[in-house]
$ cat final-v8.pdb   # PDB, C-alpha atoms and all ligand atoms
ATOM      1  CA  MET E   1     113.166 109.561  74.730
ATOM      2  CA  TYR E   2     110.860 107.614  77.020
ATOM      3  CA  SER E   3     108.155 105.106  76.091
ATOM      4  CA  ILE E   4     104.712 105.112  77.633
ATOM      5  CA  ILE E   5     103.549 101.785  79.031
ATOM      6  CA  ASP E   6     100.003 101.781  77.726
ATOM      7  CA  GLY E   7      97.997  99.788  80.268
ATOM      8  CA  LYS E   8      94.739 100.662  78.579
ATOM      9  CA  LYS E   9      95.890  99.126  75.295
ATOM     10  CA  VAL E  10      97.327  95.988  76.923
ATOM     11  CA  ALA E  11      94.169  95.577  79.015
ATOM     12  CA  SER E  12      92.060  95.813  75.828
ATOM     13  CA  GLU E  13      94.166  93.073  74.230
ATOM     14  CA  ILE E  14      93.761  90.845  77.286
ATOM     15  CA  LYS E  15      90.015  91.546  77.342
ATOM     16  CA  LEU E  16      89.801  90.277  73.760
ATOM     17  CA  GLU E  17      91.663  87.115  74.812
ATOM     18  CA  ILE E  18      89.262  86.665  77.737
ATOM     19  CA  ALA E  19      86.213  87.288  75.522
ATOM     20  CA  LYS E  20      87.442  84.524  73.198
ATOM     21  CA  GLU E  21      87.809  82.123  76.103
ATOM     22  CA  VAL E  22      84.307  83.009  77.313
ATOM     23  CA  ALA E  23      82.952  82.309  73.835
ATOM     24  CA  GLY E  24      84.731  78.930  73.980
ATOM     25  CA  LEU E  25      83.132  78.119  77.341
ATOM     26  CA  ARG E  26      79.703  79.106  76.036
ATOM     27  CA  ALA E  27      80.192  77.025  72.862
ATOM     28  CA  ALA E  28      80.979  74.050  75.123
ATOM     29  CA  GLY E  29      77.595  74.532  76.820
ATOM     30  CA  LYS E  30      78.954  76.203  79.972
ATOM     31  CA  LYS E  31      77.391  79.271  81.591
ATOM     32  CA  ALA E  32      78.938  82.756  81.409
ATOM     33  CA  PRO E  33      81.477  83.431  84.197
ATOM     34  CA  HIS E  34      79.826  85.451  86.946
ATOM     35  CA  LEU E  35      81.609  88.117  89.013
ATOM     36  CA  ALA E  36      79.806  89.780  91.913
ATOM     37  CA  ALA E  37      80.936  92.933  93.714
ATOM     38  CA  ILE E  38      79.875  94.184  97.120
ATOM     39  CA  LEU E  39      79.993  97.954  97.571
ATOM     40  CA  VAL E  40      79.425  99.481 101.009
ATOM     41  CA  GLY E  41      78.616 103.196 101.200
ATOM     42  CA  ASN E  42      79.224 105.746  98.487
ATOM     43  CA  ASN E  43      82.943 106.526  98.513
ATOM     44  CA  GLY E  44      83.572 108.321  95.201
ATOM     45  CA  SER E  45      86.634 106.308  94.131
ATOM     46  CA  SER E  46      84.973 103.022  95.048
ATOM     47  CA  GLU E  47      81.857 103.953  93.037
ATOM     48  CA  THR E  48      84.055 104.661  89.998
ATOM     49  CA  TYR E  49      86.052 101.423  90.362
ATOM     50  CA  VAL E  50      82.996  99.251  90.782
ATOM     51  CA  ALA E  51      81.148 100.866  87.858
ATOM     52  CA  SER E  52      84.219 100.184  85.680
ATOM     53  CA  LYS E  53      84.341  96.581  86.831
ATOM     54  CA  VAL E  54      80.697  96.056  85.867
ATOM     55  CA  LYS E  55      81.374  97.590  82.435
ATOM     56  CA  ASP E  56      84.416  95.317  81.942
ATOM     57  CA  CYS E  57      82.253  92.274  82.678
ATOM     58  CA  GLU E  58      79.787  93.287  79.978
ATOM     59  CA  GLU E  59      82.613  93.772  77.484
ATOM     60  CA  VAL E  60      83.971  90.237  77.864
ATOM     61  CA  GLY E  61      80.637  88.429  78.158
ATOM     62  CA  PHE E  62      80.646  87.869  81.925
ATOM     63  CA  LYS E  63      77.558  88.099  84.062
ATOM     64  CA  SER E  64      77.987  90.639  86.874
ATOM     65  CA  THR E  65      76.049  91.435  90.010
ATOM     66  CA  LEU E  66      76.463  94.525  92.142
ATOM     67  CA  VAL E  67      75.370  94.240  95.759
ATOM     68  CA  ARG E  68      75.061  97.598  97.500
ATOM     69  CA  PHE E  69      74.824  98.375 101.196
ATOM     70  CA  THR E  70      74.639 101.695 103.021
ATOM     71  CA  ASN E  71      77.494 102.838 105.270
ATOM     72  CA  ASP E  72      75.658 101.868 108.465
ATOM     73  CA  ILE E  73      75.374  98.174 107.576
ATOM     74  CA  THR E  74      76.441  95.858 110.413
ATOM     75  CA  GLU E  75      79.427  93.562 110.059
ATOM     76  CA  GLU E  76      77.083  90.620 110.629
ATOM     77  CA  ILE E  77      74.857  91.480 107.673
ATOM     78  CA  LEU E  78      77.917  91.851 105.439
ATOM     79  CA  LEU E  79      79.357  88.525 106.624
ATOM     80  CA  ASN E  80      75.983  86.856 105.966
ATOM     81  CA  LYS E  81      75.973  88.211 102.416
ATOM     82  CA  ILE E  82      79.496  86.876 101.892
ATOM     83  CA  ALA E  83      78.378  83.441 103.132
ATOM     84  CA  GLU E  84      75.484  83.610 100.675
ATOM     85  CA  LEU E  85      77.800  84.389  97.742
ATOM     86  CA  ASN E  86      80.219  81.658  98.890
ATOM     87  CA  ASN E  87      77.364  79.160  98.665
ATOM     88  CA  ASP E  88      75.777  80.428  95.457
ATOM     89  CA  PRO E  89      76.800  78.030  92.668
ATOM     90  CA  ASP E  90      75.979  80.667  90.045
ATOM     91  CA  VAL E  91      78.649  83.068  91.392
ATOM     92  CA  ASP E  92      82.178  82.101  90.296
ATOM     93  CA  GLY E  93      84.050  84.909  92.011
ATOM     94  CA  PHE E  94      83.367  88.055  93.999
ATOM     95  CA  ILE E  95      85.040  91.028  95.611
ATOM     96  CA  VAL E  96      84.280  93.328  98.497
ATOM     97  CA  GLN E  97      85.372  96.813  97.477
ATOM     98  CA  LEU E  98      87.749  98.402  99.991
ATOM     99  CA  PRO E  99      87.944 100.546 102.053
ATOM    100  CA  LEU E 100      85.104  99.539 104.366
ATOM    101  CA  PRO E 101      83.568 101.774 107.078
ATOM    102  CA  SER E 102      85.724 101.762 110.227
ATOM    103  CA  HIS E 103      83.209  99.754 112.301
ATOM    104  CA  ILE E 104      83.750  96.751 110.016
ATOM    105  CA  SER E 105      86.914  94.650 110.211
ATOM    106  CA  GLU E 106      88.445  94.366 106.732
ATOM    107  CA  ASN E 107      90.506  91.376 107.810
ATOM    108  CA  LYS E 108      87.436  89.530 109.097
ATOM    109  CA  VAL E 109      85.602  90.274 105.844
ATOM    110  CA  ILE E 110      88.481  89.126 103.639
ATOM    111  CA  GLU E 111      88.887  85.942 105.667
ATOM    112  CA  ALA E 112      85.172  85.185 105.250
ATOM    113  CA  ILE E 113      85.518  84.984 101.443
ATOM    114  CA  ASP E 114      85.854  81.448 100.043
ATOM    115  CA  PRO E 115      89.497  81.361  98.782
ATOM    116  CA  MET E 116      88.232  79.592  95.633
ATOM    117  CA  LYS E 117      85.990  82.595  94.858
ATOM    118  CA  ASP E 118      88.499  85.259  95.882
ATOM    119  CA  SER E 119      88.777  87.198  92.585
ATOM    120  CA  ASP E 120      90.841  89.935  94.272
ATOM    121  CA  GLY E 121      93.373  87.436  95.640
ATOM    122  CA  PHE E 122      93.259  89.068  99.083
ATOM    123  CA  HIS E 123      92.469  85.967 101.198
ATOM    124  CA  PRO E 124      95.351  84.791 103.434
ATOM    125  CA  VAL E 125      95.201  81.348 101.780
ATOM    126  CA  ASN E 126      95.852  82.871  98.364
ATOM    127  CA  LEU E 127      98.512  85.253  99.719
ATOM    128  CA  GLY E 128     100.194  82.290 101.474
ATOM    129  CA  LYS E 129     100.175  80.238  98.270
ATOM    130  CA  MET E 130     101.589  83.199  96.346
ATOM    131  CA  MET E 131     104.359  83.476  98.936
ATOM    132  CA  ILE E 132     105.588  79.938  98.187
ATOM    133  CA  GLY E 133     104.894  80.059  94.456
ATOM    134  CA  LEU E 134     101.855  77.734  94.351
ATOM    135  CA  PRO E 135      99.014  78.285  91.843
ATOM    136  CA  CYS E 136      96.531  80.730  93.370
ATOM    137  CA  PHE E 137      94.492  83.843  92.702
ATOM    138  CA  LEU E 138      97.077  86.610  92.608
ATOM    139  CA  PRO E 139      96.167  90.040  94.008
ATOM    140  CA  ALA E 140      94.793  92.001  91.071
ATOM    141  CA  THR E 141      97.105  95.050  91.002
ATOM    142  CA  PRO E 142     100.406  93.162  91.504
ATOM    143  CA  PHE E 143      99.255  90.608  88.889
ATOM    144  CA  GLY E 144      98.534  93.483  86.490
ATOM    145  CA  ILE E 145     101.932  95.125  87.104
ATOM    146  CA  VAL E 146     103.833  91.898  86.450
ATOM    147  CA  GLU E 147     101.813  91.300  83.275
ATOM    148  CA  LEU E 148     102.619  94.830  82.029
ATOM    149  CA  LEU E 149     106.359  94.299  82.613
ATOM    150  CA  LYS E 150     106.191  90.953  80.781
ATOM    151  CA  ARG E 151     104.226  92.243  77.810
ATOM    152  CA  TYR E 152     106.635  95.175  77.387
ATOM    153  CA  LYS E 153     109.534  92.689  77.693
ATOM    154  CA  ILE E 154     111.088  94.743  80.486
ATOM    155  CA  GLU E 155     114.017  92.846  81.982
ATOM    156  CA  THR E 156     113.620  92.285  85.733
ATOM    157  CA  SER E 157     116.317  89.663  86.345
ATOM    158  CA  GLY E 158     119.046  91.062  88.573
ATOM    159  CA  LYS E 159     117.538  94.552  88.449
ATOM    160  CA  ASN E 160     117.284  96.800  91.489
ATOM    161  CA  CYS E 161     113.588  97.222  92.060
ATOM    162  CA  VAL E 162     112.333  99.646  94.711
ATOM    163  CA  VAL E 163     108.721  99.364  95.845
ATOM    164  CA  ILE E 164     107.428 102.476  97.598
ATOM    165  CA  GLY E 165     104.645 101.479 100.006
ATOM    166  CA  ARG E 166     103.936  98.289 101.970
ATOM    167  CA  SER E 167     100.172  97.860 101.668
ATOM    168  CA  ASN E 168      98.691  94.367 101.835
ATOM    169  CA  ILE E 169      97.060  94.818  98.429
ATOM    170  CA  VAL E 170      99.933  96.273  96.390
ATOM    171  CA  GLY E 171     103.364  97.002  97.892
ATOM    172  CA  ARG E 172     103.962  93.826  99.895
ATOM    173  CA  PRO E 173     102.578  91.326  97.352
ATOM    174  CA  VAL E 174     104.249  92.952  94.324
ATOM    175  CA  SER E 175     107.576  92.818  96.192
ATOM    176  CA  ILE E 176     107.086  89.053  96.620
ATOM    177  CA  LEU E 177     106.188  88.478  92.962
ATOM    178  CA  LEU E 178     109.150  90.476  91.642
ATOM    179  CA  SER E 179     111.626  88.583  93.812
ATOM    180  CA  GLN E 180     110.280  85.163  92.783
ATOM    181  CA  LYS E 181     112.169  82.819  90.476
ATOM    182  CA  GLY E 182     111.449  83.833  86.918
ATOM    183  CA  MET E 183     111.169  87.543  87.772
ATOM    184  CA  ASP E 184     114.451  87.482  89.743
ATOM    185  CA  ALA E 185     114.567  91.150  90.733
ATOM    186  CA  THR E 186     116.453  92.377  93.793
ATOM    187  CA  VAL E 187     113.649  94.081  95.690
ATOM    188  CA  THR E 188     113.714  96.789  98.355
ATOM    189  CA  VAL E 189     110.492  97.935 100.025
ATOM    190  CA  VAL E 190     110.518 101.476 101.405
ATOM    191  CA  HIS E 191     107.792 102.974 103.585
ATOM    192  CA  SER E 192     106.896 105.815 105.929
ATOM    193  CA  ARG E 193     109.609 104.888 108.468
ATOM    194  CA  THR E 194     112.399 104.344 105.934
ATOM    195  CA  LYS E 195     115.408 106.628 106.261
ATOM    196  CA  ASN E 196     116.880 108.167 103.099
ATOM    197  CA  ILE E 197     114.029 107.143 100.780
ATOM    198  CA  LYS E 198     115.372 109.492  98.109
ATOM    199  CA  ASP E 199     118.820 107.837  98.059
ATOM    200  CA  ILE E 200     117.344 104.339  97.899
ATOM    201  CA  VAL E 201     114.892 105.194  95.099
ATOM    202  CA  ALA E 202     117.653 106.986  93.176
ATOM    203  CA  ASN E 203     119.444 103.624  92.871
ATOM    204  CA  ALA E 204     116.452 101.819  91.371
ATOM    205  CA  ASP E 205     116.313 100.366  87.872
ATOM    206  CA  ILE E 206     112.587  99.818  88.391
ATOM    207  CA  ILE E 207     110.417 101.962  90.677
ATOM    208  CA  ILE E 208     106.946 100.837  91.755
ATOM    209  CA  ALA E 209     105.224 103.784  93.441
ATOM    210  CA  ALA E 210     102.254 102.672  95.563
ATOM    211  CA  ILE E 211     101.760 105.039  98.474
ATOM    212  CA  GLY E 212      98.812 107.143  97.410
ATOM    213  CA  SER E 213     100.634 110.467  97.743
ATOM    214  CA  PRO E 214     100.339 112.639  94.620
ATOM    215  CA  SER E 215     103.673 113.506  92.944
ATOM    216  CA  PHE E 216     105.700 111.855  95.747
ATOM    217  CA  VAL E 217     108.297 110.641  93.234
ATOM    218  CA  THR E 218     110.142 113.655  91.872
ATOM    219  CA  ALA E 219     112.731 113.869  89.082
ATOM    220  CA  ASP E 220     115.686 114.120  91.494
ATOM    221  CA  MET E 221     114.784 110.656  92.883
ATOM    222  CA  VAL E 222     114.901 108.916  89.507
ATOM    223  CA  LYS E 223     117.985 107.444  87.848
ATOM    224  CA  ALA E 224     118.346 108.110  84.120
ATOM    225  CA  GLY E 225     116.818 105.228  82.154
ATOM    226  CA  ALA E 226     114.712 103.875  85.056
ATOM    227  CA  VAL E 227     111.384 102.127  84.524
ATOM    228  CA  VAL E 228     108.633 103.808  86.557
ATOM    229  CA  ILE E 229     105.333 102.120  87.433
ATOM    230  CA  ASP E 230     102.841 104.504  89.043
ATOM    231  CA  VAL E 231     100.114 102.800  91.069
ATOM    232  CA  GLY E 232      98.776 105.994  92.659
ATOM    233  CA  THR E 233      95.138 106.876  92.025
ATOM    234  CA  THR E 234      94.335 109.678  94.440
ATOM    235  CA  ARG E 235      91.119 111.485  93.526
ATOM    236  CA  VAL E 236      91.859 115.221  93.545
ATOM    237  CA  LEU E 237      89.765 118.268  92.728
ATOM    238  CA  SER E 238      90.209 119.492  89.176
ATOM    239  CA  SER E 239      88.819 122.306  87.077
ATOM    240  CA  GLU E 240      89.849 120.404  83.915
ATOM    241  CA  THR E 241      87.209 117.662  84.070
ATOM    242  CA  LYS E 242      83.431 117.576  83.903
ATOM    243  CA  SER E 243      83.171 115.597  87.143
ATOM    244  CA  GLY E 244      85.341 118.163  88.977
ATOM    245  CA  PHE E 245      87.821 115.420  89.939
ATOM    246  CA  LYS E 246      90.823 113.763  88.355
ATOM    247  CA  LEU E 247      93.122 110.901  89.299
ATOM    248  CA  ALA E 248      96.582 111.888  90.497
ATOM    249  CA  GLY E 249      99.471 109.417  90.393
ATOM    250  CA  ASP E 250     102.307 109.053  92.913
ATOM    251  CA  VAL E 251     104.791 110.300  90.305
ATOM    252  CA  ASP E 252     105.444 113.864  89.133
ATOM    253  CA  PHE E 253     104.924 112.628  85.555
ATOM    254  CA  VAL E 254     105.823 115.802  83.652
ATOM    255  CA  ASN E 255     109.265 116.097  85.216
ATOM    256  CA  VAL E 256     110.016 112.403  85.799
ATOM    257  CA  ALA E 257     109.042 111.013  82.365
ATOM    258  CA  PRO E 258     111.959 112.612  80.444
ATOM    259  CA  LYS E 259     114.425 110.725  82.695
ATOM    260  CA  CYS E 260     112.799 107.315  82.217
ATOM    261  CA  SER E 261     113.095 104.535  79.678
ATOM    262  CA  TYR E 262     109.495 103.471  80.364
ATOM    263  CA  ILE E 263     106.737 105.006  82.477
ATOM    264  CA  THR E 264     103.049 104.307  83.138
ATOM    265  CA  PRO E 265     100.579 107.204  82.911
ATOM    266  CA  VAL E 266      97.736 107.873  85.382
ATOM    267  CA  PRO E 267      95.071 107.193  84.309
ATOM    268  CA  GLY E 268      95.599 104.521  81.646
ATOM    269  CA  GLY E 269      98.542 102.666  83.189
ATOM    270  CA  VAL E 270      98.137 100.216  86.048
ATOM    271  CA  GLY E 271      94.408 100.827  86.707
ATOM    272  CA  PRO E 272      93.039  99.046  83.626
ATOM    273  CA  MET E 273      95.410  96.141  84.332
ATOM    274  CA  THR E 274      94.038  95.738  87.870
ATOM    275  CA  ARG E 275      90.540  95.455  86.451
ATOM    276  CA  VAL E 276      91.543  92.947  83.808
ATOM    277  CA  SER E 277      93.338  90.810  86.425
ATOM    278  CA  LEU E 278      90.077  90.571  88.284
ATOM    279  CA  LEU E 279      88.404  89.235  85.142
ATOM    280  CA  ARG E 280      91.211  86.755  84.668
ATOM    281  CA  ASN E 281      90.936  85.436  88.219
ATOM    282  CA  THR E 282      87.184  85.069  87.782
ATOM    283  CA  LEU E 283      87.643  83.234  84.480
ATOM    284  CA  ILE E 284      90.038  80.794  86.172
ATOM    285  CA  ALA E 285      87.455  80.273  88.945
ATOM    286  CA  ALA E 286      84.699  79.671  86.377
ATOM    287  CA  ALA E 287      86.769  77.257  84.307
ATOM    288  CA  ARG E 288      87.498  75.231  87.455
ATOM    289  CA  GLY E 289      83.893  75.081  88.590
TER     290      GLY E 289
HETATM  291  N1  LIG E 301      90.252  99.286  96.739
HETATM  292  C1  LIG E 301      91.310  99.775  96.056
HETATM  293  N2  LIG E 301      91.794  98.834  95.205
HETATM  294  C2  LIG E 301      91.025  97.741  95.366
HETATM  295  C3  LIG E 301      91.024  96.452  94.749
HETATM  296  O1  LIG E 301      91.848  96.098  93.900
HETATM  297  N3  LIG E 301      90.046  95.604  95.206
HETATM  298  C4  LIG E 301      89.150  95.953  96.143
HETATM  299  N4  LIG E 301      88.254  95.044  96.518
HETATM  300  N5  LIG E 301      89.132  97.136  96.734
HETATM  301  C5  LIG E 301      90.064  98.024  96.336
END

$ encode --input "final-v8.pdb" --output "structure tokens"
Amino acid sequence: MYSIIDGKKVASEIKLEIAKEVAGLRAAGKKAPHLAAILVGNNGSSETYVASKVKDCEEVGFKSTLVRFTNDITEEILLNKIAELNNDPDVDGFIVQLPLPSHISENKVIEAIDPMKDSDGFHPVNLGKMMIGLPCFLPATPFGIVELLKRYKIETSGKNCVVIGRSNIVGRPVSILLSQKGMDATVTVVHSRTKNIKDIVANADIIIAAIGSPSFVTADMVKAGAVVIDVGTTRVLSSETKSGFKLAGDVDFVNVAPKCSYITPVPGGVGPMTRVSLLRNTLIAAARG
């Protein structure tokens, strides 16, 4: 029988911890931590994520600001806004929701963010510090995944961990964190050019699926007793929901779950942990300031 890793529940517990820390800061005469988010255009998934982030801020007593731009905004205007937030002493941390329209360079935008206000942990300075194990803002989804494994006391030391996907925001950084001292996993990253993905994944004690391809991980790829972390959140049409959409994970949950020891659902697994990691990074930024 498998156990569900309940990211929603763990995220709620962490939010309570954060709310307590915010109350402590306020009692000491400090201002509420302030997270700002920049949203360009009206991509459906991005709208949902950002609305959730604003709601999370309210729940823990943070101030939040949402800055919206239309799709045709120039890169220069966006970079100017980032400079403004970098210099605003009231803003502790901020994010620029990705993806951005193709005429804007995501790398240029990320590099323009002050690393000390980089709540998403995407700036090269933070990624470089993470690489060598220095204190830094960790990328929100990898941070959330590691926290889930720790809170469920899932052994990672010496385990074969296969990460599916090599994105800058999930696959690559989570592979670094899991191989670090303390986590001590043996990590393999597989991607679109990997040969024999099925055979490699079938050897995994822990599978982290982060490719954005619904039901990519099927039951025949999963070893009995494996731990499966599903990072996929593809928005697909659905007749089951009011909105007409639902989130689809990278794992064929119905058929894979019975083979697992632990598995994360979608939604309610990694997603809420990503959001809570963002709050945690912002709290660290606020406590420093
Ligand atoms: N797009 C998908 N995930 C994320 C995230 O964690 N942060 C930002 N800024 N954009 C995203």

$ residues_near_ligand --input "final-v8.pdb" --ligand "ligand LIG 301 (chain E)" --cutoff "7 Å" --atoms "all atoms listed in the file" --output "ChimeraX atom specification"
/E:46,95-99,120,140-141,274

$ closest_residue --input "final-v8.pdb" --among "E:Gly232, E:Gly44, E:Gly182, E:Gly165" --to "E:Gly244" --atoms "all atoms listed in the file"
E:Gly44

$ resolve_selection --input "final-v8.pdb" --expression "the PyMOL selection byres (((chain E and resi 47-54) around 10) and not hetatm)" --output "NGL selection string"
:E and (35-46 or 55-59 or 62-66 or 95-97 or 271-272 or 274-276 or 278-279)

$ closest_residue --input "final-v8.pdb" --among "E:Leu138, E:Lys8, E:Arg193, E:Leu283" --to "E:Gly61" --atoms "all atoms listed in the file"
E:Leu283

$ residues_around --input "final-v8.pdb" --residues "E:Cys260" --least-positions-apart "3" --cutoff "9 Å" --atoms "only C-alpha atoms" --output "PyMOL selection string"
chain E and resi 1-3+222-228+256-257+263
